[in-house]
$ cat my_file34.cif   # mmCIF, C-alpha atoms
data_coords
loop_
_atom_site.label_atom_id
_atom_site.label_comp_id
_atom_site.auth_asym_id
_atom_site.auth_seq_id
_atom_site.Cartn_x
_atom_site.Cartn_y
_atom_site.Cartn_z
CA MET A 1 11.22 -172.58 60.68
CA PHE A 2 9.45 -170.75 63.50
CA HIS A 3 8.30 -168.14 60.95
CA HIS A 4 6.79 -170.85 58.67
CA THR A 5 5.01 -172.47 61.61
CA ARG A 6 3.45 -169.14 62.56
CA ILE A 7 2.21 -168.65 58.99
CA ARG A 8 0.70 -172.16 58.94
CA LEU A 9 -1.02 -171.59 62.29
CA ALA A 10 -2.39 -168.23 61.14
CA ALA A 11 -3.69 -169.78 57.90
CA THR A 12 -5.31 -172.61 59.86
CA ALA A 13 -6.99 -170.09 62.17
CA VAL A 14 -8.35 -168.13 59.18
CA VAL A 15 -9.77 -171.31 57.61
CA ALA A 16 -11.34 -172.31 60.93
CA VAL A 17 -12.95 -168.88 61.36
CA ALA A 18 -14.23 -168.96 57.76
CA ALA A 19 -15.67 -172.44 58.31
CA LEU A 20 -17.40 -171.27 61.50
CA GLY A 21 -18.83 -168.30 59.60
CA LEU A 22 -20.19 -170.54 56.86
CA THR A 23 -21.63 -172.95 59.40
CA ALA A 24 -23.35 -170.10 61.20
CA CYS A 25 -24.83 -168.82 57.93
CA GLY A 26 -26.01 -172.28 56.93
CA SER A 27 -27.52 -173.21 60.26
CA GLY A 28 -29.08 -169.78 60.72
CA SER A 29 -31.46 -170.05 57.75
CA GLY A 30 -34.97 -169.04 58.73
CA ASP A 31 -33.86 -167.78 62.17
CA GLU A 32 -35.89 -164.55 61.87
CA VAL A 33 -39.56 -164.55 60.96
CA VAL A 34 -40.66 -161.20 59.52
CA ASP A 35 -44.40 -160.57 59.80
CA LYS A 36 -44.59 -156.81 60.39
CA PRO A 37 -45.88 -155.22 57.16
CA LYS A 38 -44.43 -152.09 55.63
CA ALA A 39 -46.54 -148.96 56.02
CA LYS A 40 -48.79 -148.43 53.03
CA ALA A 41 -48.64 -145.21 51.04
CA SER A 42 -52.23 -144.37 51.97
CA ALA A 43 -51.37 -144.67 55.68
CA ALA A 44 -48.49 -142.21 55.28
CA ALA A 45 -50.87 -139.65 53.81
CA GLU A 46 -53.41 -139.84 56.67
CA GLY A 47 -54.26 -136.78 58.79
CA GLY A 48 -52.79 -136.24 62.27
CA ALA A 49 -55.82 -137.47 64.26
CA GLU A 50 -56.17 -140.55 62.08
CA LYS A 51 -52.45 -141.26 62.50
CA GLU A 52 -52.75 -141.08 66.28
CA ALA A 53 -55.74 -143.42 66.29
CA ALA A 54 -53.87 -145.85 64.04
CA ALA A 55 -50.81 -145.67 66.30
CA GLU A 56 -52.93 -146.44 69.38
CA GLU A 57 -54.54 -149.38 67.63
CA SER A 58 -51.11 -150.60 66.48
CA SER A 59 -49.66 -150.45 70.00
CA ALA A 60 -52.67 -152.32 71.39
CA ALA A 61 -52.46 -155.14 68.88
CA PRO A 62 -49.32 -155.43 66.71
CA GLU A 63 -50.26 -155.73 63.06
CA VAL A 64 -49.42 -159.01 61.37
CA ALA A 65 -49.00 -159.31 57.61
CA LYS A 66 -51.93 -160.64 55.64
CA VAL A 67 -53.01 -160.77 51.98
CA GLY A 68 -52.25 -157.42 50.35
CA ASP A 69 -49.37 -156.56 52.70
CA THR A 70 -45.71 -156.08 51.82
CA LEU A 71 -42.75 -157.39 53.82
CA ALA A 72 -39.18 -156.13 53.45
CA LEU A 73 -36.78 -159.09 53.35
CA LYS A 74 -33.00 -159.42 53.19
CA GLY A 75 -30.97 -162.09 51.45
CA MET A 76 -27.80 -163.87 52.54
CA GLU A 77 -25.49 -161.47 50.70
CA ALA A 78 -24.95 -157.87 51.75
CA GLY A 79 -26.88 -155.58 49.43
CA SER A 80 -29.58 -158.12 48.54
CA GLY A 81 -33.18 -157.33 49.44
CA LEU A 82 -36.76 -157.65 48.25
CA ASP A 83 -40.12 -156.08 49.00
CA VAL A 84 -42.45 -159.09 48.81
CA THR A 85 -46.23 -158.70 48.56
CA VAL A 86 -48.86 -161.44 48.72
CA VAL A 87 -51.26 -159.87 46.23
CA LYS A 88 -54.03 -162.49 45.95
CA VAL A 89 -54.87 -166.04 47.03
CA ALA A 90 -56.86 -168.51 44.94
CA ASP A 91 -58.03 -171.44 47.08
CA ASN A 92 -59.10 -174.55 45.20
CA ALA A 93 -57.41 -173.12 42.09
CA LYS A 94 -58.30 -174.64 38.75
CA SER A 95 -55.64 -176.14 36.51
CA GLY A 96 -54.84 -174.38 33.27
CA ASP A 97 -53.90 -177.76 31.79
CA GLU A 98 -56.64 -180.33 31.23
CA PHE A 99 -54.08 -183.14 31.58
CA PHE A 100 -52.63 -182.05 34.92
CA SER A 101 -54.53 -181.69 38.20
CA PRO A 102 -54.06 -182.27 41.94
CA GLU A 103 -53.79 -185.84 43.21
CA SER A 104 -56.95 -187.44 44.56
CA GLY A 105 -57.85 -185.97 47.95
CA ASN A 106 -55.78 -182.83 47.36
CA ARG A 107 -56.43 -179.33 46.05
CA TRP A 108 -54.30 -176.49 44.72
CA ILE A 109 -53.90 -173.12 46.39
CA GLY A 110 -52.45 -170.36 44.24
CA VAL A 111 -50.66 -167.40 45.83
CA GLN A 112 -49.80 -164.39 43.67
CA PHE A 113 -46.52 -162.80 44.75
CA GLN A 114 -45.04 -159.48 43.68
CA LEU A 115 -41.28 -159.12 44.13
CA VAL A 116 -39.49 -155.77 43.97
CA ASN A 117 -35.68 -155.70 44.11
CA THR A 118 -34.84 -153.14 46.80
CA GLY A 119 -31.19 -154.18 46.99
CA THR A 120 -28.07 -152.99 45.22
CA LYS A 121 -27.40 -156.32 43.49
CA VAL A 122 -29.20 -158.30 40.81
CA TYR A 123 -31.74 -160.71 42.33
CA SER A 124 -31.51 -164.13 40.67
CA ASP A 125 -33.49 -167.10 41.99
CA ALA A 126 -36.37 -169.52 41.53
CA PRO A 127 -38.83 -167.82 43.91
CA ALA A 128 -41.11 -170.85 44.33
CA ASN A 129 -38.23 -172.72 46.00
CA GLY A 130 -38.45 -170.33 48.96
CA ALA A 131 -42.24 -170.52 49.43
CA LYS A 132 -44.32 -172.79 51.70
CA ILE A 133 -47.87 -172.98 53.01
CA ALA A 134 -48.78 -174.20 56.50
CA ASP A 135 -52.21 -175.28 57.71
CA ASP A 136 -53.81 -174.64 61.10
CA GLN A 137 -52.28 -177.91 62.38
CA GLY A 138 -48.76 -176.74 61.56
CA GLN A 139 -48.28 -179.07 58.59
CA GLN A 140 -46.18 -177.50 55.81
CA PHE A 141 -46.65 -178.00 52.10
CA GLY A 142 -44.35 -177.15 49.21
CA THR A 143 -44.99 -175.95 45.70
CA VAL A 144 -45.88 -177.73 42.47
CA LEU A 145 -45.00 -176.67 38.94
CA ALA A 146 -48.47 -175.99 37.65
CA ASP A 147 -50.37 -173.40 35.64
CA ILE A 148 -53.71 -172.22 36.99
CA THR A 149 -56.53 -170.28 35.37
CA ALA A 150 -56.11 -167.39 37.85
CA GLY A 151 -53.17 -166.02 35.84
CA PRO A 152 -49.55 -166.43 34.71
CA SER A 153 -47.20 -168.45 36.89
CA MET A 154 -44.12 -166.99 38.56
CA SER A 155 -41.06 -167.70 36.43
CA SER A 156 -38.70 -170.40 37.68
CA ASP A 157 -35.74 -168.24 36.65
CA VAL A 158 -36.27 -164.68 37.86
CA ARG A 159 -33.57 -162.05 37.37
CA LEU A 160 -34.29 -158.53 38.60
CA LYS A 161 -31.95 -155.57 38.49
CA PRO A 162 -32.21 -153.10 41.40
CA GLY A 163 -35.61 -151.39 41.29
CA ALA A 164 -37.18 -153.96 38.94
CA LYS A 165 -40.22 -156.07 39.84
CA THR A 166 -42.05 -159.22 38.82
CA LEU A 167 -45.50 -160.68 39.44
CA GLY A 168 -46.71 -164.27 39.24
CA TRP A 169 -48.63 -167.15 40.81
CA VAL A 170 -46.99 -169.85 42.92
CA VAL A 171 -49.03 -173.04 43.35
CA PHE A 172 -49.16 -175.30 46.43
CA GLU A 173 -50.77 -178.74 46.70
CA VAL A 174 -52.52 -179.40 50.02
CA PRO A 175 -55.07 -181.92 51.32
CA LYS A 176 -58.68 -180.92 50.73
CA ALA A 177 -59.35 -181.09 54.47
CA SER A 178 -56.48 -178.74 55.39
CA LYS A 179 -57.23 -175.14 56.32
CA ALA A 180 -54.46 -172.88 55.01
CA ALA A 181 -53.19 -170.66 57.84
CA THR A 182 -49.96 -169.01 56.68
CA VAL A 183 -47.75 -168.66 53.64
CA THR A 184 -44.02 -168.01 53.96
CA PHE A 185 -41.33 -166.76 51.60
CA GLY A 186 -37.57 -166.54 51.92
CA MET A 187 -34.87 -165.27 49.59
CA ASP A 188 -32.04 -167.50 48.34
CA SER A 189 -34.47 -170.40 47.78
CA GLY A 190 -35.54 -170.18 51.42
CA PHE A 191 -32.02 -170.32 52.90
CA ALA A 192 -31.87 -166.65 53.92
CA GLU A 193 -32.04 -165.91 57.65
CA GLN A 194 -35.17 -163.79 57.20
CA ILE A 195 -38.40 -165.57 56.32
CA GLY A 196 -41.53 -163.54 55.59
CA GLU A 197 -44.87 -164.81 56.91
CA TRP A 198 -48.42 -163.79 55.96
CA LYS A 199 -51.61 -164.92 57.68
CA LEU A 200 -54.21 -166.40 55.36
CA SER A 201 -56.97 -166.98 57.93
#
$ encode --input "my_file34.cif" --output "structure tokens"
Amino acid sequence: MFHHTRIRLAATAVVAVAALGLTACGSGSGDEVVDKPKAKASAAAEGGAEKEAAAEESSAAPEVAKVGDTLALKGMEAGSGLDVTVVKVADNAKSGDEFFSPESGNRWIGVQFQLVNTGTKVYSDAPANGAKIADDQGQQFGTVLADITAGPSMSSDVRLKPGAKTLGWVVFEVPKASKAATVTFGMDSGFAEQIGEWKLS
């Protein structure tokens, strides 16, 4: 009987530890904001003097990601990762559908994302679920399912094998008076611990 009790206690302890682990993962979403861009290929090819000057400038004022920069992000599972680039931004984007437009007093902002699977597992998600825009007052705005004239929308069902990439526009609806300040993106529909942030202004 003592043996059975020990087994039950051990099993209970394992379940409790697993539950704590899951709770930590769940509550930790968005704990780390990544805004340091990856070095660009052109920067790696610079001469020695130029590199030193760039390093001095970097140490004086840490570089923050902006439009055109790439951030390396990790997902919740080991082996999942993306290089995410904000390629272009289309403020006051025009609808590609004459029957669908922003609500009165609002406008659309389109952000073109490029995603490259740098992990060892297949990336499968609806990328727009993990994206948000914030204005200079700190108000956050989510995405809308809309097509804009700037180009093709990001698919709502993206599957990328390791090394594969995709490109598409994600559309946000914001008040006309709001000044867009940052756009953020997180893997696993935004539940990953790492959230990438780019400055828009």
$ residues_around --input "my_file34.cif" --residues "Asp136 (chain A)" --least-positions-apart "5" --cutoff "8 Å" --atoms "only C-alpha atoms" --output "PyMOL selection string"
chain A and resi 178-181
$ residues_around --input "my_file34.cif" --residues "Lys66 (chain A)" --least-positions-apart "4" --cutoff "10 Å" --atoms "only C-alpha atoms" --output "list of chain:residue names"
A:Asp35, A:Lys36, A:Pro37, A:Thr70, A:Leu71, A:Thr85, A:Val86, A:Val87, A:Thr182, A:Val183, A:Glu197, A:Trp198, A:Lys199, A:Leu200, A:Ser201
$ write_last_selection --input "my_file34.cif" --atoms "C-alpha atoms" --output "PDB file, in the frame of the given file"
ATOM      1  CA  ASP A  35     -44.400-160.570  59.800  1.00  0.00           C
ATOM      2  CA  LYS A  36     -44.590-156.810  60.390  1.00  0.00           C
ATOM      3  CA  PRO A  37     -45.880-155.220  57.160  1.00  0.00           C
ATOM      4  CA  THR A  70     -45.710-156.080  51.820  1.00  0.00           C
ATOM      5  CA  LEU A  71     -42.750-157.390  53.820  1.00  0.00           C
ATOM      6  CA  THR A  85     -46.230-158.700  48.560  1.00  0.00           C
ATOM      7  CA  VAL A  86     -48.860-161.440  48.720  1.00  0.00           C
ATOM      8  CA  VAL A  87     -51.260-159.870  46.230  1.00  0.00           C
ATOM      9  CA  THR A 182     -49.960-169.010  56.680  1.00  0.00           C
ATOM     10  CA  VAL A 183     -47.750-168.660  53.640  1.00  0.00           C
ATOM     11  CA  GLU A 197     -44.870-164.810  56.910  1.00  0.00           C
ATOM     12  CA  TRP A 198     -48.420-163.790  55.960  1.00  0.00           C
ATOM     13  CA  LYS A 199     -51.610-164.920  57.680  1.00  0.00           C
ATOM     14  CA  LEU A 200     -54.210-166.400  55.360  1.00  0.00           C
ATOM     15  CA  SER A 201     -56.970-166.980  57.930  1.00  0.00           C
TER      16      SER A 201
END
$ closest_residue --input "my_file34.cif" --among "A:Phe191, A:Ile133, A:Phe141, A:Ala146" --to "Ser101 (chain A)" --atoms "all atoms listed in the file"
A:Ala146
$ resolve_selection --input "my_file34.cif" --expression "the PyMOL selection byres ((chain A and resi 124-130) around 9)" --output "PyMOL selection string"
chain A and resi 122-123+131-132+142-145+154-161+170-171+184-191+195
$ residues_around --input "my_file34.cif" --residues "Gln194 (chain A)" --least-positions-apart "4" --cutoff "8 Å" --atoms "all atoms listed in the file" --output "list in words"
Ser29, Gly30, Asp31, Glu32, Val33, Val34, Leu73, Lys74, Gly75, Gly186 and Met187 of chain A
$ atom_distance --input "my_file34.cif" --atom1 "CA of Val84 (chain A)" --atom2 "CA of Gly110 (chain A)"
15.7 Å
$ atom_distance --input "my_file34.cif" --atom1 "CA of Asp83 (chain A)" --atom2 "CA of Ala192 (chain A)"
14.3 Å
$ residues_near_point --input "my_file34.cif" --point "(-40.5, -156.0, 42.0)" --cutoff "8 Å" --atoms "all atoms listed in the file" --output "PDB file with C-alpha atoms, keeping the file's coordinate frame"
ATOM      1  CA  LEU A  82     -36.760-157.650  48.250  1.00  0.00           C
ATOM      2  CA  ASP A  83     -40.120-156.080  49.000  1.00  0.00           C
ATOM      3  CA  VAL A  84     -42.450-159.090  48.810  1.00  0.00           C
ATOM      4  CA  GLN A 114     -45.040-159.480  43.680  1.00  0.00           C
ATOM      5  CA  LEU A 115     -41.280-159.120  44.130  1.00  0.00           C
ATOM      6  CA  VAL A 116     -39.490-155.770  43.970  1.00  0.00           C
ATOM      7  CA  ASN A 117     -35.680-155.700  44.110  1.00  0.00           C
ATOM      8  CA  THR A 118     -34.840-153.140  46.800  1.00  0.00           C
ATOM      9  CA  LEU A 160     -34.290-158.530  38.600  1.00  0.00           C
ATOM     10  CA  GLY A 163     -35.610-151.390  41.290  1.00  0.00           C
ATOM     11  CA  ALA A 164     -37.180-153.960  38.940  1.00  0.00           C
ATOM     12  CA  LYS A 165     -40.220-156.070  39.840  1.00  0.00           C
ATOM     13  CA  THR A 166     -42.050-159.220  38.820  1.00  0.00           C
ATOM     14  CA  LEU A 167     -45.500-160.680  39.440  1.00  0.00           C
TER      15      LEU A 167
END
$ atom_distance --input "my_file34.cif" --atom1 "CA of Pro152 (chain A)" --atom2 "CA of Asn92 (chain A)"
16.3 Å
$ closest_residue --input "my_file34.cif" --among "A:Ala72, A:Ala134, A:Ala150, A:Val67" --to "Glu173 (chain A)" --atoms "all atoms listed in the file"
A:Ala134
$ closest_residue --input "my_file34.cif" --among "A:Trp108, A:Glu193, A:Lys38, A:Glu77" --to "Gly96 (chain A)" --atoms "all atoms listed in the file"
A:Trp108
$ residues_around --input "my_file34.cif" --residues "Lys88 (chain A)" --least-positions-apart "4" --cutoff "7 Å" --atoms "all atoms listed in the file" --output "short mmCIF file (atom, residue, chain, number, x, y, z; two decimals) with C-alpha atoms, keeping the file's coordinate frame"
data_model
loop_
_atom_site.label_atom_id
_atom_site.label_comp_id
_atom_site.auth_asym_id
_atom_site.auth_seq_id
_atom_site.Cartn_x
_atom_site.Cartn_y
_atom_site.Cartn_z
CA VAL A 67 -53.01 -160.77 51.98
CA GLY A 68 -52.25 -157.42 50.35
CA VAL A 111 -50.66 -167.40 45.83
CA GLN A 112 -49.80 -164.39 43.67
#
$ axis_aligned_box --input "my_file34.cif" --around "region 122-129 of chain A" --padding-each-side "4 Å" --output "AutoDock Vina command-line options"
--center_x -35.2 --center_y -165.5 --center_z 43.3 --size_x 19.9 --size_y 22.4 --size_z 13.3
$ decode --input "my_file34.cif" --residues "region 138-153 of chain A" --atoms "all heavy atoms" --output "short mmCIF file (atom, residue, chain, number, x, y, z; two decimals), in the first residue's frame"
data_model
loop_
_atom_site.label_atom_id
_atom_site.label_comp_id
_atom_site.auth_asym_id
_atom_site.auth_seq_id
_atom_site.Cartn_x
_atom_site.Cartn_y
_atom_site.Cartn_z
N GLY A 138 -0.65 55.18 -27.34
CA GLY A 138 -0.61 53.85 -26.74
C GLY A 138 -1.84 53.01 -27.01
O GLY A 138 -1.94 51.88 -26.51
N GLN A 139 -2.78 53.51 -27.81
CA GLN A 139 -3.97 52.72 -28.15
C GLN A 139 -3.59 51.67 -29.19
O GLN A 139 -2.87 51.98 -30.15
CB GLN A 139 -5.07 53.62 -28.72
CG GLN A 139 -5.56 54.67 -27.74
CD GLN A 139 -6.62 55.56 -28.37
OE1 GLN A 139 -7.81 55.39 -28.14
NE2 GLN A 139 -6.18 56.52 -29.18
N GLN A 140 -4.08 50.44 -29.00
CA GLN A 140 -3.75 49.34 -29.91
C GLN A 140 -4.95 48.99 -30.78
O GLN A 140 -6.09 49.05 -30.33
CB GLN A 140 -3.31 48.11 -29.14
CG GLN A 140 -1.97 48.28 -28.44
CD GLN A 140 -1.44 46.98 -27.89
OE1 GLN A 140 -2.19 46.04 -27.63
NE2 GLN A 140 -0.13 46.92 -27.70
N PHE A 141 -4.65 48.63 -32.01
CA PHE A 141 -5.70 48.30 -32.98
C PHE A 141 -5.35 46.99 -33.68
O PHE A 141 -4.20 46.75 -34.03
CB PHE A 141 -5.86 49.42 -34.01
CG PHE A 141 -6.09 50.77 -33.39
CD1 PHE A 141 -5.03 51.65 -33.19
CD2 PHE A 141 -7.35 51.14 -32.95
CE1 PHE A 141 -5.22 52.88 -32.60
CE2 PHE A 141 -7.56 52.38 -32.35
CZ PHE A 141 -6.49 53.25 -32.17
N GLY A 142 -6.38 46.16 -33.87
CA GLY A 142 -6.19 44.86 -34.50
C GLY A 142 -6.39 44.93 -36.01
O GLY A 142 -6.54 45.99 -36.61
N THR A 143 -6.41 43.75 -36.60
CA THR A 143 -6.49 43.65 -38.05
C THR A 143 -7.92 43.48 -38.54
O THR A 143 -8.82 43.13 -37.78
CB THR A 143 -5.66 42.45 -38.54
OG1 THR A 143 -6.19 41.26 -37.94
CG2 THR A 143 -4.21 42.60 -38.15
N VAL A 144 -8.11 43.75 -39.82
CA VAL A 144 -9.38 43.48 -40.50
C VAL A 144 -9.09 42.63 -41.72
O VAL A 144 -8.01 42.74 -42.32
CB VAL A 144 -10.10 44.79 -40.92
CG1 VAL A 144 -10.60 45.56 -39.73
CG2 VAL A 144 -9.22 45.66 -41.80
N LEU A 145 -10.03 41.78 -42.08
CA LEU A 145 -9.88 40.97 -43.29
C LEU A 145 -10.30 41.82 -44.47
O LEU A 145 -11.49 41.99 -44.73
CB LEU A 145 -10.75 39.70 -43.20
CG LEU A 145 -10.27 38.65 -42.19
CD1 LEU A 145 -11.29 37.53 -42.09
CD2 LEU A 145 -8.91 38.09 -42.62
N ALA A 146 -9.33 42.40 -45.13
CA ALA A 146 -9.62 43.31 -46.24
C ALA A 146 -8.53 43.20 -47.29
O ALA A 146 -7.37 42.93 -46.98
CB ALA A 146 -9.73 44.74 -45.73
N ASP A 147 -8.93 43.44 -48.54
CA ASP A 147 -7.98 43.51 -49.65
C ASP A 147 -7.75 44.98 -49.97
O ASP A 147 -8.71 45.77 -50.02
CB ASP A 147 -8.52 42.79 -50.88
CG ASP A 147 -8.58 41.28 -50.68
OD1 ASP A 147 -7.63 40.74 -50.09
OD2 ASP A 147 -9.57 40.66 -51.10
N ILE A 148 -6.51 45.35 -50.20
CA ILE A 148 -6.20 46.73 -50.55
C ILE A 148 -5.48 46.77 -51.90
O ILE A 148 -4.93 45.77 -52.36
CB ILE A 148 -5.32 47.41 -49.46
CG1 ILE A 148 -4.02 46.63 -49.21
CG2 ILE A 148 -6.11 47.57 -48.17
CD1 ILE A 148 -3.08 47.29 -48.22
N THR A 149 -5.50 47.94 -52.51
CA THR A 149 -4.95 48.07 -53.87
C THR A 149 -3.42 47.99 -53.87
O THR A 149 -2.81 47.83 -54.93
CB THR A 149 -5.38 49.40 -54.50
OG1 THR A 149 -4.98 50.48 -53.64
CG2 THR A 149 -6.89 49.45 -54.69
N ALA A 150 -2.79 48.11 -52.70
CA ALA A 150 -1.32 48.08 -52.62
C ALA A 150 -0.75 46.74 -53.05
O ALA A 150 0.40 46.66 -53.50
CB ALA A 150 -0.87 48.41 -51.21
N GLY A 151 -1.54 45.65 -52.90
CA GLY A 151 -1.03 44.33 -53.30
C GLY A 151 -1.77 43.20 -52.61
O GLY A 151 -2.70 43.43 -51.83
N PRO A 152 -1.35 41.95 -52.88
CA PRO A 152 -2.03 40.78 -52.33
C PRO A 152 -1.94 40.70 -50.81
O PRO A 152 -0.91 41.04 -50.21
CB PRO A 152 -1.27 39.60 -52.97
CG PRO A 152 -0.57 40.17 -54.15
CD PRO A 152 -0.25 41.59 -53.80
N SER A 153 -3.04 40.26 -50.21
CA SER A 153 -3.10 40.11 -48.75
C SER A 153 -2.31 38.89 -48.30
O SER A 153 -2.12 37.94 -49.05
CB SER A 153 -4.55 39.96 -48.29
OG SER A 153 -5.30 41.11 -48.58
#
